[in-house]
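Everything below belongs to entry-v5.txt, which stores compact mmCIF, C-alpha atoms.
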```
# COMPACT_ATOMS: atom_id res chain seq x y z
CA MET A 1 27.20 -30.04 20.85
CA LYS A 2 29.95 -27.46 20.81
CA LEU A 3 30.67 -25.41 17.70
CA ARG A 4 34.42 -25.77 18.05
CA ASN A 5 36.48 -28.94 17.93
CA THR A 6 38.09 -30.47 21.00
CA THR A 7 40.98 -32.92 20.97
CA ALA A 8 38.39 -35.67 21.49
CA ARG A 9 35.55 -34.70 19.18
CA TRP A 10 34.70 -32.73 16.05
CA GLY A 11 32.56 -29.66 16.76
CA ALA A 12 29.34 -28.76 14.96
CA VAL A 13 31.01 -26.55 12.35
CA SER A 14 33.49 -29.25 11.30
CA GLN A 15 30.76 -31.86 11.20
CA LEU A 16 28.47 -29.67 9.13
CA LEU A 17 31.26 -28.90 6.64
CA HIS A 18 32.22 -32.58 6.43
CA TRP A 19 28.70 -33.87 5.74
CA VAL A 20 27.62 -31.04 3.44
CA ILE A 21 30.72 -31.66 1.32
CA VAL A 22 29.96 -35.40 1.31
CA ALA A 23 26.47 -34.68 -0.05
CA LEU A 24 27.84 -32.23 -2.64
CA ILE A 25 30.48 -34.71 -3.85
CA ILE A 26 27.81 -37.39 -4.35
CA THR A 27 25.77 -34.79 -6.28
CA GLN A 28 28.82 -34.11 -8.45
CA PHE A 29 29.23 -37.76 -9.43
CA VAL A 30 25.52 -38.00 -10.27
CA LEU A 31 25.52 -34.78 -12.37
CA ALA A 32 28.73 -35.78 -14.17
CA SER A 33 27.39 -39.20 -15.12
CA ILE A 34 24.11 -37.68 -16.36
CA ALA A 35 25.95 -35.07 -18.45
CA GLU A 36 28.36 -37.59 -19.93
CA ASP A 37 25.65 -39.41 -21.86
CA LEU A 38 23.80 -36.33 -23.14
CA PRO A 39 24.27 -34.77 -26.59
CA LEU A 40 25.19 -31.07 -26.59
CA GLY A 41 21.82 -29.48 -25.95
CA MET A 42 19.99 -27.43 -23.35
CA GLU A 43 19.84 -30.34 -20.91
CA LYS A 44 23.58 -30.91 -21.09
CA LEU A 45 24.29 -27.17 -20.68
CA ALA A 46 22.01 -27.10 -17.64
CA THR A 47 23.51 -30.22 -16.08
CA ILE A 48 27.10 -29.12 -16.57
CA ALA A 49 26.26 -25.60 -15.35
CA ARG A 50 24.97 -27.12 -12.10
CA HIS A 51 28.00 -29.41 -11.86
CA LYS A 52 30.27 -26.35 -12.15
CA SER A 53 28.27 -24.33 -9.61
CA VAL A 54 28.36 -27.18 -7.08
CA GLY A 55 32.09 -27.63 -7.76
CA ILE A 56 32.82 -23.97 -7.03
CA THR A 57 30.72 -24.30 -3.86
CA ILE A 58 32.88 -27.24 -2.76
CA LEU A 59 36.02 -25.22 -3.49
CA ALA A 60 34.76 -22.36 -1.31
CA LEU A 61 33.72 -24.74 1.49
CA ALA A 62 37.14 -26.44 1.26
CA VAL A 63 38.81 -23.08 1.98
CA VAL A 64 36.51 -22.50 4.96
CA ARG A 65 37.15 -26.02 6.17
CA LEU A 66 40.92 -25.70 6.00
CA VAL A 67 40.86 -22.35 7.81
CA TRP A 68 38.53 -23.76 10.46
CA ARG A 69 40.87 -26.73 10.92
CA TRP A 70 43.84 -24.42 11.43
CA VAL A 71 42.12 -22.34 14.11
CA ASN A 72 40.71 -25.36 15.97
CA PRO A 73 42.18 -28.32 17.82
CA THR A 74 42.16 -31.50 15.75
CA PRO A 75 40.79 -34.63 17.45
CA GLU A 76 43.68 -37.01 17.96
CA LEU A 77 44.07 -40.37 16.28
CA PRO A 78 43.51 -43.19 18.80
CA GLY A 79 46.70 -44.41 20.49
CA THR A 80 45.95 -47.98 19.43
CA LEU A 81 46.96 -47.29 15.81
CA LYS A 82 50.07 -48.99 14.46
CA PRO A 83 52.68 -46.61 12.96
CA TYR A 84 51.84 -47.61 9.37
CA GLU A 85 48.14 -47.05 10.11
CA ARG A 86 48.93 -43.54 11.32
CA VAL A 87 50.81 -42.86 8.09
CA LEU A 88 47.97 -44.32 6.03
CA ALA A 89 45.42 -42.17 7.89
CA ARG A 90 47.50 -39.03 7.37
CA VAL A 91 48.05 -39.76 3.67
CA THR A 92 44.36 -40.54 3.08
CA HIS A 93 43.17 -37.40 4.88
CA GLY A 94 45.81 -35.29 3.12
CA THR A 95 44.73 -36.72 -0.25
CA LEU A 96 41.06 -35.98 0.47
CA TYR A 97 41.82 -32.38 1.44
CA ALA A 98 44.03 -31.93 -1.64
CA LEU A 99 41.28 -33.29 -3.89
CA LEU A 100 38.75 -30.83 -2.46
CA PHE A 101 40.90 -28.21 -4.18
CA ALA A 102 42.29 -30.14 -7.15
CA MET A 103 38.93 -31.43 -8.41
CA PRO A 104 37.22 -28.04 -8.72
CA LEU A 105 40.36 -26.29 -9.97
CA SER A 106 40.99 -28.88 -12.69
CA GLY A 107 37.32 -28.64 -13.70
CA TRP A 108 37.51 -24.85 -13.77
CA MET A 109 40.67 -24.95 -15.93
CA MET A 110 38.98 -27.47 -18.19
CA SER A 111 36.02 -25.09 -18.66
CA SER A 112 38.29 -22.14 -19.38
CA ALA A 113 40.34 -24.13 -21.89
CA ARG A 114 37.15 -25.10 -23.72
CA ASN A 115 35.85 -21.52 -23.71
CA PHE A 116 32.85 -22.49 -21.58
CA PRO A 117 33.46 -20.00 -18.73
CA VAL A 118 32.24 -20.84 -15.23
CA SER A 119 29.33 -19.09 -13.57
CA TRP A 120 28.33 -19.73 -9.99
CA PHE A 121 24.58 -20.43 -10.15
CA ASN A 122 24.07 -17.76 -12.85
CA LEU A 123 25.00 -15.15 -10.26
CA VAL A 124 28.70 -14.52 -10.64
CA GLN A 125 30.92 -15.21 -13.60
CA LEU A 126 34.37 -16.42 -12.61
CA PRO A 127 37.47 -15.37 -14.53
CA ASP A 128 39.07 -17.77 -16.98
CA LEU A 129 42.10 -19.54 -15.49
CA VAL A 130 43.66 -20.38 -18.87
CA PRO A 131 43.11 -19.23 -22.45
CA PRO A 132 41.10 -21.43 -24.84
CA SER A 133 43.16 -24.37 -26.05
CA GLN A 134 42.02 -27.74 -27.36
CA THR A 135 45.23 -29.46 -26.15
CA LEU A 136 44.97 -27.99 -22.67
CA TYR A 137 41.29 -28.92 -22.52
CA GLU A 138 42.10 -32.56 -23.28
CA ILE A 139 44.88 -32.64 -20.67
CA MET A 140 42.62 -31.09 -17.99
CA HIS A 141 39.71 -33.35 -18.89
CA GLU A 142 41.96 -36.39 -18.47
CA THR A 143 43.32 -34.96 -15.19
CA HIS A 144 39.80 -34.31 -13.87
CA GLU A 145 38.81 -37.93 -14.59
CA ILE A 146 41.97 -39.42 -13.07
CA LEU A 147 41.49 -37.30 -9.94
CA ALA A 148 37.88 -38.51 -9.74
CA THR A 149 39.18 -42.09 -9.70
CA VAL A 150 41.73 -41.23 -7.02
CA LEU A 151 38.87 -39.65 -5.03
CA VAL A 152 36.81 -42.82 -5.24
CA VAL A 153 39.76 -44.88 -3.95
CA ALA A 154 40.56 -42.44 -1.14
CA VAL A 155 36.90 -42.25 -0.08
CA ALA A 156 36.68 -46.06 -0.08
CA LEU A 157 39.72 -46.28 2.21
CA HIS A 158 38.31 -43.54 4.42
CA VAL A 159 34.91 -45.21 4.74
CA LEU A 160 36.33 -48.69 5.31
CA ALA A 161 38.64 -47.32 8.00
CA ALA A 162 35.76 -45.53 9.72
CA LEU A 163 33.66 -48.70 9.67
CA LYS A 164 36.59 -50.76 11.01
CA HIS A 165 36.99 -48.32 13.90
CA HIS A 166 33.29 -48.48 14.67
CA PHE A 167 32.48 -52.17 14.27
CA ILE A 168 35.79 -53.96 14.81
CA LEU A 169 37.91 -51.74 17.04
CA ARG A 170 34.75 -50.36 18.68
CA ASP A 171 36.33 -46.97 19.37
CA ASP A 172 34.68 -43.56 18.88
CA VAL A 173 36.52 -42.45 15.71
CA LEU A 174 33.34 -42.62 13.61
CA ARG A 175 31.02 -41.42 16.35
CA ARG A 176 33.00 -38.24 16.97
CA MET A 177 32.15 -37.10 13.42
CA LEU A 178 28.46 -37.96 13.83
CA PRO A 179 25.91 -35.52 15.21
CA PHE A 180 23.42 -36.72 17.85
CA THR A 181 25.85 -39.28 19.28
CA ARG A 182 27.70 -39.29 22.51
CA THR A 183 31.36 -39.93 22.88
CA ASP A 184 32.90 -40.98 26.15
CA MET B 1 38.36 28.27 -89.27
CA ASN B 2 34.93 29.04 -87.97
CA PRO B 3 35.46 30.36 -84.42
CA LEU B 4 32.12 28.85 -83.35
CA ARG B 5 33.34 25.35 -84.33
CA GLY B 6 36.42 25.88 -82.10
CA TRP B 7 34.19 26.69 -79.12
CA ILE B 8 32.03 23.65 -79.77
CA ARG B 9 35.11 21.41 -79.85
CA LEU B 10 36.36 22.88 -76.58
CA ALA B 11 32.95 22.36 -74.95
CA ALA B 12 32.85 18.76 -76.17
CA LEU B 13 36.35 18.14 -74.79
CA ILE B 14 35.39 19.48 -71.37
CA ALA B 15 32.23 17.38 -71.35
CA LEU B 16 34.24 14.25 -72.14
CA LEU B 17 36.97 14.84 -69.60
CA ALA B 18 34.86 15.99 -66.69
CA PRO B 19 33.02 13.18 -64.87
CA ALA B 20 29.42 14.01 -65.54
CA SER B 21 28.26 13.10 -62.08
CA LEU B 22 30.69 15.52 -60.48
CA TRP B 23 28.13 18.17 -61.32
CA SER B 24 25.17 16.33 -59.87
CA SER B 25 26.79 15.57 -56.47
CA PRO B 26 29.56 17.39 -54.70
CA ALA B 27 30.40 14.28 -52.59
CA SER B 28 33.75 12.65 -53.14
CA HIS B 29 33.55 8.94 -52.38
CA THR B 30 36.33 6.64 -51.33
CA ARG B 31 35.90 2.93 -51.84
CA TYR B 32 37.36 0.75 -49.15
CA SER B 33 37.91 -2.96 -49.07
CA LEU B 34 38.75 -5.18 -46.11
CA ASP B 35 42.19 -6.14 -44.87
CA PRO B 36 41.08 -9.53 -43.44
CA ALA B 37 44.34 -10.25 -41.64
CA ALA B 38 44.01 -7.10 -39.53
CA SER B 39 40.25 -7.30 -38.90
CA SER B 40 38.02 -9.14 -36.46
CA LEU B 41 34.31 -9.81 -36.17
CA GLU B 42 33.34 -11.25 -32.80
CA PHE B 43 30.17 -12.15 -30.95
CA THR B 44 29.57 -12.41 -27.23
CA PHE B 45 26.75 -14.51 -25.85
CA LEU B 46 25.53 -15.48 -22.42
CA GLN B 47 25.67 -19.22 -21.82
CA ALA B 48 24.70 -20.71 -18.46
CA GLY B 49 25.28 -17.36 -16.77
CA ALA B 50 28.73 -16.86 -18.28
CA ARG B 51 29.72 -14.53 -21.11
CA SER B 52 31.44 -16.49 -23.86
CA LYS B 53 33.10 -15.25 -27.02
CA GLY B 54 33.22 -16.47 -30.57
CA ARG B 55 34.22 -15.01 -33.90
CA PHE B 56 33.75 -15.32 -37.63
CA ARG B 57 36.93 -16.16 -39.48
CA LYS B 58 35.65 -15.30 -42.96
CA PHE B 59 33.76 -12.16 -43.84
CA ASP B 60 33.98 -9.33 -46.31
CA VAL B 61 33.37 -5.62 -45.93
CA LYS B 62 32.94 -2.97 -48.60
CA LEU B 63 32.59 0.67 -47.69
CA ASP B 64 31.87 3.43 -50.13
CA PHE B 65 32.44 6.45 -47.97
CA ALA B 66 31.86 10.16 -48.53
CA ALA B 67 33.09 12.20 -45.59
CA ASP B 68 31.29 15.33 -46.76
CA ALA B 69 28.01 13.52 -47.48
CA PRO B 70 27.81 10.43 -45.24
CA GLU B 71 24.16 9.92 -46.17
CA THR B 72 25.33 8.92 -49.65
CA SER B 73 27.78 6.35 -48.27
CA ARG B 74 27.17 2.64 -48.52
CA LEU B 75 28.33 -0.21 -46.30
CA GLU B 76 28.08 -3.89 -47.12
CA VAL B 77 29.14 -6.72 -44.82
CA ILE B 78 28.90 -10.34 -45.90
CA VAL B 79 29.65 -13.06 -43.37
CA ASP B 80 30.48 -16.68 -44.15
CA VAL B 81 28.46 -18.06 -41.24
CA ALA B 82 30.09 -21.50 -41.36
CA SER B 83 33.41 -19.85 -40.49
CA LEU B 84 32.16 -19.28 -36.92
CA ASP B 85 34.60 -20.32 -34.21
CA THR B 86 33.86 -20.53 -30.48
CA SER B 87 37.04 -22.50 -29.61
CA ASP B 88 35.00 -25.70 -29.31
CA ALA B 89 34.37 -27.95 -32.30
CA GLU B 90 31.31 -29.62 -30.78
CA ARG B 91 29.57 -26.32 -30.02
CA ASP B 92 30.55 -24.93 -33.46
CA GLY B 93 28.90 -27.96 -35.03
CA VAL B 94 25.68 -27.36 -33.10
CA LEU B 95 25.73 -23.65 -34.04
CA ARG B 96 26.08 -24.54 -37.74
CA GLY B 97 23.23 -27.02 -37.47
CA PRO B 98 19.57 -26.63 -38.50
CA ASP B 99 18.32 -25.35 -35.12
CA LEU B 100 20.72 -22.42 -34.98
CA PHE B 101 22.40 -20.86 -38.04
CA ASP B 102 21.49 -23.67 -40.47
CA VAL B 103 24.48 -22.91 -42.67
CA ALA B 104 23.45 -25.57 -45.21
CA ARG B 105 20.42 -23.46 -46.13
CA PHE B 106 21.69 -20.01 -45.12
CA PRO B 107 25.44 -19.87 -45.72
CA GLN B 108 25.65 -16.08 -45.58
CA ALA B 109 24.60 -13.34 -43.20
CA ARG B 110 24.51 -9.80 -44.57
CA PHE B 111 24.33 -6.26 -43.36
CA VAL B 112 23.69 -3.65 -46.02
CA ALA B 113 23.43 0.02 -45.10
CA ASP B 114 22.61 2.52 -47.81
CA ARG B 115 23.27 5.51 -45.66
CA LEU B 116 25.44 6.59 -42.77
CA VAL B 117 24.47 9.19 -40.21
CA ARG B 118 27.15 11.26 -38.57
CA VAL B 119 26.53 11.50 -34.82
CA ALA B 120 29.77 13.14 -33.71
CA GLU B 121 33.31 13.69 -34.85
CA ASN B 122 34.44 10.32 -36.33
CA ARG B 123 31.27 8.67 -35.05
CA TYR B 124 28.55 7.36 -37.32
CA GLU B 125 25.57 5.09 -37.46
CA ALA B 126 25.05 2.74 -40.36
CA VAL B 127 21.35 2.49 -41.11
CA GLY B 128 20.44 -0.66 -42.94
CA VAL B 129 19.12 -4.17 -42.98
CA LEU B 130 20.64 -7.19 -41.27
CA THR B 131 19.85 -10.58 -42.74
CA ILE B 132 20.53 -13.75 -40.75
CA ARG B 133 19.04 -17.05 -41.92
CA ASP B 134 16.02 -15.83 -43.92
CA VAL B 135 15.05 -13.02 -41.57
CA GLU B 136 15.62 -9.36 -42.45
CA ARG B 137 15.54 -6.69 -39.78
CA GLN B 138 16.22 -2.97 -39.77
CA LEU B 139 19.31 -2.21 -37.74
CA ARG B 140 21.35 0.84 -36.78
CA VAL B 141 24.98 0.03 -36.11
CA PRO B 142 27.01 2.70 -34.31
CA PHE B 143 30.69 2.80 -35.08
CA GLU B 144 33.80 4.91 -35.02
CA LEU B 145 35.64 5.56 -38.26
CA ARG B 146 39.12 7.01 -38.45
CA THR B 147 40.45 7.59 -41.90
CA ALA B 148 44.01 8.23 -43.02
CA ALA B 149 45.52 8.35 -46.47
CA SER B 150 46.53 4.71 -46.49
CA GLU B 151 43.83 3.04 -44.37
CA ALA B 152 40.66 3.44 -42.34
CA ARG B 153 39.89 1.87 -38.97
CA MET B 154 36.31 1.02 -38.18
CA THR B 155 35.28 -0.19 -34.74
CA GLY B 156 31.98 -0.65 -32.97
CA GLU B 157 29.49 -3.01 -31.48
CA VAL B 158 25.79 -3.63 -31.54
CA THR B 159 23.55 -5.94 -29.53
CA ILE B 160 20.95 -7.96 -31.37
CA GLN B 161 18.43 -10.59 -30.31
CA ARG B 162 19.20 -14.00 -31.76
CA LEU B 163 15.58 -15.19 -31.58
CA ALA B 164 14.40 -12.26 -33.73
CA PHE B 165 16.41 -13.89 -36.53
CA GLY B 166 15.30 -17.44 -35.80
CA VAL B 167 18.72 -18.39 -34.40
CA GLY B 168 17.24 -20.84 -31.91
CA GLN B 169 14.66 -23.33 -33.09
CA ARG B 170 13.03 -26.04 -31.00
CA GLU B 171 14.87 -26.45 -27.67
CA TRP B 172 17.19 -23.50 -28.46
CA ARG B 173 14.21 -21.10 -28.34
CA SER B 174 14.60 -21.19 -24.60
CA THR B 175 16.67 -18.38 -23.15
CA GLU B 176 17.13 -20.06 -19.77
CA TRP B 177 20.64 -21.34 -20.54
CA VAL B 178 21.51 -19.41 -23.70
CA GLY B 179 20.64 -15.71 -23.63
CA ASP B 180 18.67 -13.93 -26.35
CA ASP B 181 21.06 -10.97 -26.51
CA VAL B 182 24.16 -11.37 -28.61
CA THR B 183 26.68 -8.55 -28.86
CA VAL B 184 28.46 -8.30 -32.18
CA SER B 185 31.68 -6.33 -32.13
CA PHE B 186 34.04 -5.47 -34.92
CA ALA B 187 37.47 -3.94 -35.39
CA LEU B 188 38.22 -3.55 -39.08
CA ARG B 189 41.13 -2.30 -41.10
CA LEU B 190 39.95 -0.98 -44.44
CA LEU B 191 42.12 -0.13 -47.41
CA PRO B 192 41.18 2.46 -50.02
CA ALA B 193 40.82 0.82 -53.43
CA ALA B 194 43.81 1.74 -55.58
CA GLY B 195 43.00 4.30 -58.27
CA ARG B 196 39.32 4.18 -57.44
CA ALA B 197 39.13 7.31 -55.36
CA GLY B 198 36.56 9.78 -56.52
CA GLN B 199 33.04 9.54 -57.79
CA ASP B 200 32.54 6.60 -60.09
CA GLU B 201 28.89 5.70 -60.11
```

Please re-express this file's structure in structure tokens.
Amino acid sequence: MKLRNTTARWGAVSQLLHWVIVALIITQFVLASIAEDLPLGMEKLATIARHKSVGITILALAVVRLVWRWVNPTPELPGTLKPYERVLARVTHGTLYALLFAMPLSGWMMSSARNFPVSWFNLVQLPDLVPPSQTLYEIMHETHEILATVLVVAVALHVLAALKHHFILRDDVLRRMLPFTRTD
Amino acid sequence: MNPLRGWIRLAALIALLAPASLWSSPASHTRYSLDPAASSLEFTFLQAGARSKGRFRKFDVKLDFAADAPETSRLEVIVDVASLDTSDAERDGVLRGPDLFDVARFPQARFVADRLVRVAENRYEAVGVLTIRDVERQLRVPFELRTAASEARMTGEVTIQRLAFGVGQREWRSTEWVGDDVTVSFALRLLPAAGRAGQDE
């Protein structure tokens, strides 16, 4: 498989970024739901610290991914799509990309507002984006949760669309993002 | 009149007017009290790899300072531990709880130094005992002191180990996610007590 994208298929780098981010986002939902039910103690500190570290990792990978997309061809949408389906695909992909930035940034702001600064895996401390403020913390917490819901909806659309392409339309839209598969 | 009686009266007058202790110590002490509105007492701790800051909102400082004999100076700091503030009510509650400061049993922390050591121009070390919870430890606190007629500014910081004072029981003994080192920093404005300048003890 080629490293770079072609107009027909995602290259290895794009595929790796896509699937690593998928795994990290699932990790984020698991860590967040574990932390939510814990009282403030060592276990909660540890869980949230990991959630923040993974979030910053996603933010960094999102930057790499966007840059890589700009310097590579993008595989084209199949010509069989209806105009509204093209719009829906664009909007869904745009939303997913935007959330790769908005989720970590809102979480980071939330941490700063609560005076729980962010460290990336205990290695690097990141600067505070906003000063401590209870009001701002509550706004960002709410934002983070709403964005998480939007992410679930967008991912559901994305997955359903991919499955439709594969099983109903029987085109190679899903396969071209999968390693170890051939596309015609 | 008997001239001897006149001399005795004069001697008695001098003895009454002159502060007796002026003869035993040449040091001239100034008593300072805290200007709380212009003073801060902060602590920095490492939590999950990130430095976080908190502060105490209520504390009192008394300094009895002799510039020409710092070793006779005295510094007393009393902190209302429950006034701690880390910008997060939930964390403040945990810090006040039994496993950390246990403010119900130990409402005050104290630092009492019964001598100061001059280390350089305007720089001193307060040598004394820090008490947090029920643990007393010797501590030297370096600071800078700049005095003027109307005020004194005292700034400095010292790093202590929270576990040495029992701040961290049970799960909080672990230093994996909350570091042992805590840096305490202070910037104080002190006011000379009105009419209390001079030796008075």

When you get a sec, could you note down which chain A residues fall within 10 Å of chain B, using all atoms listed in the file, as JSON, numbers by chain? {"A": [39, 40, 41, 42, 43, 45, 46, 47, 48, 49, 50, 112, 113, 114, 115, 116, 117, 118, 119, 120, 121, 122, 123, 124, 125, 126, 127, 131, 132, 133, 134, 137]}

What does the structure give for the distance between CA of Leu130 in chain B and CA of Ser28 in chain B, in Å to one decimal?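 These atoms are spaced 26.6 Å apart.
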
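From CA of Gly11 in chain A back to CA of Ile56 in chain A, the distance works out to 24.5 Å.
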
Enumerate, as number ranges by chain, the protein, DNA and RNA residues whose atoms approach (17.0, -16.6, -37.7) to within 8 Å, taking into account only C-alpha atoms and the coordinate frame of the file. B: 100-101, 132-135, 162-168

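Using all atoms listed in the file, the contacts of Ala104 in chain B at a cut-off of 10 Å, with sequence neighbours closer than 4 positions omitted, comprise Val81, Ala82, Arg96, Gly97, Pro98 and Gln108 of chain B.
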
Please produce an output containing C-alpha atoms for each residue in the selection, written as a compact mmCIF listing (two decimals), keeping the file's coordinate frame.
```txt
# COMPACT_ATOMS: atom_id res chain seq x y z
CA VAL B 81 28.46 -18.06 -41.24
CA ALA B 82 30.09 -21.50 -41.36
CA ARG B 96 26.08 -24.54 -37.74
CA GLY B 97 23.23 -27.02 -37.47
CA PRO B 98 19.57 -26.63 -38.50
CA GLN B 108 25.65 -16.08 -45.58
```

Can you pull out every residue within 7 Å of Ser73 in chain B, counting all atoms listed in the file, but drop anything in the same chain fewer than 6 positions away, and send it as a list in words?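 These residues fall inside the cut-off: Asp64, Phe65, Ala66, Asp114, Arg115 and Leu116 of chain B.
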
Please list as a list in words every residue within 6 Å of Ala109 in chain B, counting only C-alpha atoms and excluding residues in the same chain fewer than 4 positions away.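 Skipping anything fewer than 4 positions along the chain leaves Ile78, Val79, Thr131 and Ile132 of chain B.
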
Point-to-point distance in Å for CA of Thr159 in chain B and CA of Asp80 in chain B: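 Computed distance, CA of Asp80 in chain B to CA of Thr159 in chain B, equals 19.4 Å.
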
If we count all atoms listed in the file and set the cut-off at 9 Å, which residues sit around Gln161 in chain B, ignoring sequence neighbours fewer than 5 positions away in its own chain? Please answer as a CSV table (one decimal) with C-alpha atoms, in the frame of the given file.
```csv
chain,number,residue,atom,x,y,z
B,167,VAL,CA,18.7,-18.4,-34.4
B,179,GLY,CA,20.6,-15.7,-23.6
B,180,ASP,CA,18.7,-13.9,-26.4
B,181,ASP,CA,21.1,-11.0,-26.5
B,182,VAL,CA,24.2,-11.4,-28.6
B,183,THR,CA,26.7,-8.6,-28.9
```

Skipping near chain neighbours, those fewer than 2 positions away, what residues fall within 7 Å of Glu144 in chain B using only C-alpha atoms, listed as a PyMOL selection string? chain B and resi 122-124+146+154-156

What would the file look like if the residues just selected were written as an mmCIF file, in the frame of the given file with C-alpha atoms?
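The result, written out as out.cif:
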```cif
data_model
loop_
_atom_site.group_PDB
_atom_site.id
_atom_site.type_symbol
_atom_site.label_atom_id
_atom_site.label_comp_id
_atom_site.auth_asym_id
_atom_site.auth_seq_id
_atom_site.Cartn_x
_atom_site.Cartn_y
_atom_site.Cartn_z
ATOM 1 C CA ASN B 122 34.440 10.320 -36.330
ATOM 2 C CA ARG B 123 31.270 8.670 -35.050
ATOM 3 C CA TYR B 124 28.550 7.360 -37.320
ATOM 4 C CA ARG B 146 39.120 7.010 -38.450
ATOM 5 C CA MET B 154 36.310 1.020 -38.180
ATOM 6 C CA THR B 155 35.280 -0.190 -34.740
ATOM 7 C CA GLY B 156 31.980 -0.650 -32.970
#
```

Pick the closest to Thr149 in chain A from A:Arg4, A:His51, A:Leu99, A:Lys82: which is it, counting only C-alpha atoms?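 With only C-alpha atoms as the atom set, the closest residue is A:Leu99.
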
From the options B:Phe43, B:Arg105, B:Ala69, B:Leu34, which residue's atoms come nearest to Glu157 in chain B, counting only C-alpha atoms?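 Nearest candidate to Glu157 in chain B out of B:Phe43, B:Arg105, B:Ala69, B:Leu34: B:Phe43.
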
Out of A:His158, A:Val22, A:Leu16, A:Lys2, which residue has the shortest atom-to-atom distance to Thr92 in chain A when counting only C-alpha atoms? A:His158

With distances taken over only C-alpha atoms, which of B:Leu95, B:Ala37, B:Ala148, B:Ile8 is nearest to Gln169 in chain B? B:Leu95
